[in-house]
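Novice: Got a structure for you, protein_33.txt, holding compact mmCIF, C-alpha atoms.
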```
# COMPACT_ATOMS: atom_id res chain seq x y z
CA MET I 296 0.00 0.00 0.00
CA LYS I 297 1.68 2.94 -1.39
CA GLY I 298 0.08 5.94 0.39
CA GLU I 299 -0.01 4.49 3.90
CA ARG I 300 2.47 5.49 6.50
CA GLY I 301 3.21 3.40 9.49
CA LYS I 302 5.41 3.84 12.51
CA GLY I 303 8.58 3.10 10.58
CA ALA I 304 7.70 5.17 7.54
CA ILE I 305 9.98 8.11 6.71
CA LYS I 306 8.63 11.33 5.27
CA LYS I 307 9.81 12.06 1.76
CA ASP I 308 10.54 15.71 2.68
CA ALA I 309 13.03 14.62 5.33
CA LEU I 310 15.19 12.94 2.69
CA LYS I 311 15.55 16.02 0.47
CA PRO I 312 19.00 17.61 0.54
CA VAL I 313 19.21 21.05 2.12
CA ASP I 314 19.95 23.85 -0.29
CA ASP I 315 22.66 26.01 1.30
CA ARG I 316 21.57 29.07 -0.67
CA LYS I 317 18.12 28.98 0.94
CA VAL I 318 19.58 28.51 4.40
CA GLY I 319 21.94 31.43 3.85
CA LYS I 320 19.05 33.65 2.79
CA ARG I 321 17.10 32.68 5.90
CA LYS I 322 20.05 33.47 8.16
CA ALA I 323 20.59 36.81 6.46
CA ALA I 324 16.90 37.62 6.82
CA MET I 325 17.01 36.74 10.50
CA LYS I 326 20.06 38.92 11.07
CA ALA I 327 18.39 41.80 9.26
CA SER I 328 15.24 41.47 11.34
CA LYS I 329 17.28 41.44 14.55
CA SER I 330 19.14 44.58 13.59
CA SER I 331 15.91 46.39 12.75
CA LYS I 332 14.40 45.61 16.15
CA PRO I 333 13.99 48.55 18.48
CA GLN I 334 16.70 49.18 21.00
CA SER I 335 16.55 47.62 24.42
CA ARG I 336 14.79 49.36 27.29
CA LYS I 337 18.12 50.44 28.72
CA ASP I 338 18.88 52.34 25.53
CA LYS I 339 15.44 53.98 25.48
CA LYS I 340 15.51 55.15 29.10
CA ALA I 341 16.32 58.76 29.76
CA LYS I 342 19.64 59.44 31.40
CA LYS I 343 19.43 59.78 35.17
CA ASP I 344 20.35 63.12 36.64
CA PRO I 345 23.24 62.62 39.09
CA ASN I 346 22.13 65.73 41.02
CA LYS I 347 18.70 64.30 41.78
CA PRO I 348 18.35 63.34 45.47
CA LYS I 349 18.19 59.65 46.31
CA ARG I 350 14.88 58.28 47.47
CA SER I 351 14.50 57.82 51.21
CA PRO I 352 14.81 54.27 52.60
CA SER I 353 11.89 52.45 54.14
CA ALA I 354 11.82 51.44 57.81
CA PHE I 355 13.02 47.96 56.86
CA PHE I 356 16.11 49.33 55.09
CA VAL I 357 16.89 51.60 58.05
CA PHE I 358 16.70 48.46 60.21
CA LEU I 359 18.98 46.58 57.80
CA GLU I 360 21.71 49.22 58.15
CA ASP I 361 22.01 48.41 61.85
CA PHE I 362 21.38 44.69 61.39
CA ARG I 363 24.23 44.30 58.86
CA LYS I 364 26.78 45.53 61.38
CA VAL I 365 25.58 43.11 64.06
CA PHE I 366 25.28 40.20 61.62
CA LYS I 367 28.84 40.68 60.29
CA GLN I 368 30.22 40.68 63.83
CA GLU I 369 28.37 37.48 64.71
CA HIS I 370 29.06 35.73 61.36
CA PRO I 371 32.40 36.99 59.97
CA ASN I 372 32.71 34.09 57.49
CA VAL I 373 29.40 34.75 55.74
CA LYS I 374 30.06 36.92 52.69
CA ALA I 375 26.83 36.40 50.72
CA VAL I 376 24.55 39.42 50.53
CA SER I 377 21.55 37.14 50.13
CA ALA I 378 22.27 35.46 53.48
CA VAL I 379 22.34 38.81 55.25
CA GLY I 380 19.10 39.85 53.53
CA LYS I 381 17.31 36.62 54.42
CA ALA I 382 18.42 36.78 58.04
CA GLY I 383 17.42 40.45 58.22
CA GLY I 384 14.00 39.72 56.75
CA GLU I 385 13.35 36.94 59.25
CA LYS I 386 14.46 39.16 62.13
CA TRP I 387 12.27 42.06 60.89
CA LYS I 388 9.23 39.78 60.72
CA SER I 389 9.82 38.59 64.26
CA LEU I 390 10.04 42.14 65.68
CA SER I 391 7.01 43.57 67.43
CA ASP I 392 5.48 46.91 66.47
CA ALA I 393 7.11 48.53 69.49
CA GLU I 394 10.54 47.28 68.38
CA LYS I 395 9.94 48.53 64.82
CA ALA I 396 8.83 52.01 66.00
CA PRO I 397 12.31 53.61 66.20
CA TYR I 398 13.14 52.49 62.67
CA GLU I 399 9.82 53.78 61.37
CA ALA I 400 10.48 57.13 63.07
CA LYS I 401 13.93 57.37 61.45
CA ALA I 402 12.41 56.47 58.08
CA ALA I 403 9.74 59.16 58.46
CA LYS I 404 12.40 61.75 59.34
CA ARG I 405 14.48 60.78 56.30
CA LYS I 406 11.38 60.90 54.11
CA SER I 407 10.59 64.47 55.17
CA GLU I 408 14.21 65.47 54.43
CA TYR I 409 13.95 63.79 51.04
CA GLU I 410 10.74 65.64 50.24
CA LYS I 411 12.43 68.97 51.09
CA GLN I 412 15.39 68.10 48.87
CA MET I 413 13.07 67.05 46.03
CA SER I 414 11.05 70.26 46.21
CA ALA I 415 14.28 72.29 46.05
CA TYR I 416 15.50 70.11 43.17
CA ASN I 417 12.22 70.51 41.27
CA LYS I 418 12.29 74.29 41.72
CA LYS I 419 15.83 74.37 40.38
CA GLN I 420 14.81 72.23 37.39
CA GLU I 421 11.85 74.49 36.65
CA SER I 422 13.99 77.61 36.81
CA MET I 423 16.52 76.03 34.46
CA ALA I 424 13.71 75.08 32.08
CA ASP I 425 12.30 78.61 32.20
CA ASP I 426 15.69 80.07 31.29
CA GLY I 427 15.86 77.84 28.23
CA ASP I 428 12.31 78.75 27.17
CA GLU I 429 13.05 82.47 26.99
CA GLU I 430 15.47 81.92 24.18
CA SER I 431 13.09 79.67 22.28
CA ASP I 432 9.97 81.81 22.79
CA ARG I 433 10.24 83.11 19.26
CA SER I 434 8.89 80.57 16.90
CA LYS I 435 10.69 79.56 13.77
CA SER I 436 8.06 81.25 11.64
CA GLU I 437 8.71 84.62 13.28
CA VAL I 438 12.42 84.28 12.68
CA HIS I 439 11.77 83.16 9.12
CA ASP I 440 9.43 86.14 8.53
CA GLU I 441 12.13 88.54 9.68
CA ASP I 442 14.59 86.97 7.25
CA GLU I 443 12.10 87.39 4.41
CA GLU I 444 11.52 91.04 5.32
CA GLU I 445 15.23 91.74 5.23
CA THR I 446 15.65 90.05 1.85
CA GLY I 447 12.48 91.71 0.54
CA GLU I 448 13.85 95.15 1.31
CA GLU I 449 17.02 94.37 -0.57
CA GLU I 450 15.03 93.17 -3.60
CA GLU I 451 13.02 96.40 -3.64
CA GLU I 452 16.24 98.41 -3.67
CA ASP I 453 17.50 96.35 -6.59
CA ASP I 454 14.25 96.99 -8.49
CA ASP I 455 14.53 100.76 -8.00
CA GLU I 456 17.97 100.83 -9.61
CA ASP I 457 16.74 99.33 -12.91
```
Would you write out, as structure tokens, the structure that this file holds?
Specialist:
Amino acid sequence: MKGERGKGAIKKDALKPVDDRKVGKRKAAMKASKSSKPQSRKDKKAKKDPNKPKRSPSAFFVFLEDFRKVFKQEHPNVKAVSAVGKAGGEKWKSLSDAEKAPYEAKAAKRKSEYEKQMSAYNKKQESMADDGDEESDRSKSEVHDEDEEETGEEEEEDDDED
């Protein structure tokens, strides 16, 4: 039975030799499509301003600052950051609200300082933006119109001479 295929039957397409020219075209097409892809998110992101104040830490991170010092004294051989973080997280969970209160107070104080710094930073940014806008208040059409007026006057003078 000619058309039947069983378990041991081989597809005719599988036996065809591969044409290297077609494979080369496919590879070239794939390379071209990869190069035309948009840039990664890192490339698209705006550059960070180094003068912008850092965000204030949460109460947990304020706690971790102190905890790291104690943990390193107790476990000098442990170098992994993940181990310190896990131990700090477990300790933070086991603390009562009363024990967390001083860290939350420090975090709130740092947050208010951060907000003051950000407001000053934003005012500075706005003033810098305003300075740049004064120069660009004149639209291109106004500038272009002035150029045309100047050249138009010269043309009129040329016409009077003839």
Novice: Which distance in Å separates atom CA of I:Lys367 and atom CA of I:Val379, to one decimal?
Specialist: 8.4 Å
Novice: Find the residues near I:Glu394: any atom within 12 Å, counting only C-alpha atoms, skip ones fewer than 5 places away on the same chain, and give them as a VMD selection string.
Specialist: chain I and resid 354 to 355 358 386 to 389 399 to 400
Novice: Would you mind telling me which residue in I:Gln368, I:Gln420, I:Ser407, I:Ser377 lies nearest to I:Pro352 when using only C-alpha atoms?
Specialist: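 Looking at the shortest contact to I:Pro352, the residue is I:Ser407.
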Novice: How far is it from atom CA of I:Ala402 to atom CA of I:Ser351, in Å with one decimal?
Specialist: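 Here the two named atoms are 7.3 Å from each other.
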Novice: What gap, in Å, lies between atom CA of I:Tyr409 and atom CA of I:Lys349?
Specialist: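 Taking atom CA of I:Tyr409 and atom CA of I:Lys349, their separation equals 7.6 Å.
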Novice: Contacts of I:Gln412 at 10 Å or less, counting only C-alpha atoms, minus same-chain residues fewer than 6 places along, as a PyMOL selection string?
Specialist: chain I and resi 347-350+406+418
Novice: Quick one: write out the picked residues with C-alpha atoms as an mmCIF file, in the coordinates of the input?
Specialist:
```
data_model
loop_
_atom_site.group_PDB
_atom_site.id
_atom_site.type_symbol
_atom_site.label_atom_id
_atom_site.label_comp_id
_atom_site.auth_asym_id
_atom_site.auth_seq_id
_atom_site.Cartn_x
_atom_site.Cartn_y
_atom_site.Cartn_z
ATOM 1 C CA LYS I 347 18.700 64.300 41.780
ATOM 2 C CA PRO I 348 18.350 63.340 45.470
ATOM 3 C CA LYS I 349 18.190 59.650 46.310
ATOM 4 C CA ARG I 350 14.880 58.280 47.470
ATOM 5 C CA LYS I 406 11.380 60.900 54.110
ATOM 6 C CA LYS I 418 12.290 74.290 41.720
#
```
Novice: For each of I:Ala424, I:Val365, I:Val357, I:Val376, take the minimum atom-to-atom distance to I:Tyr398, counting only C-alpha atoms, then give the residue where this is smallest.
Specialist: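 With only C-alpha atoms as the atom set, the closest residue is I:Val357.
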Novice: Could you check which residues have any atom within 7 Å of (19.3, 41.4, 56.6), counting only C-alpha atoms with coordinates taken straight from the file, and then list them as an NGL selection string?
Specialist: :I and (359 or 362-363 or 379-384)
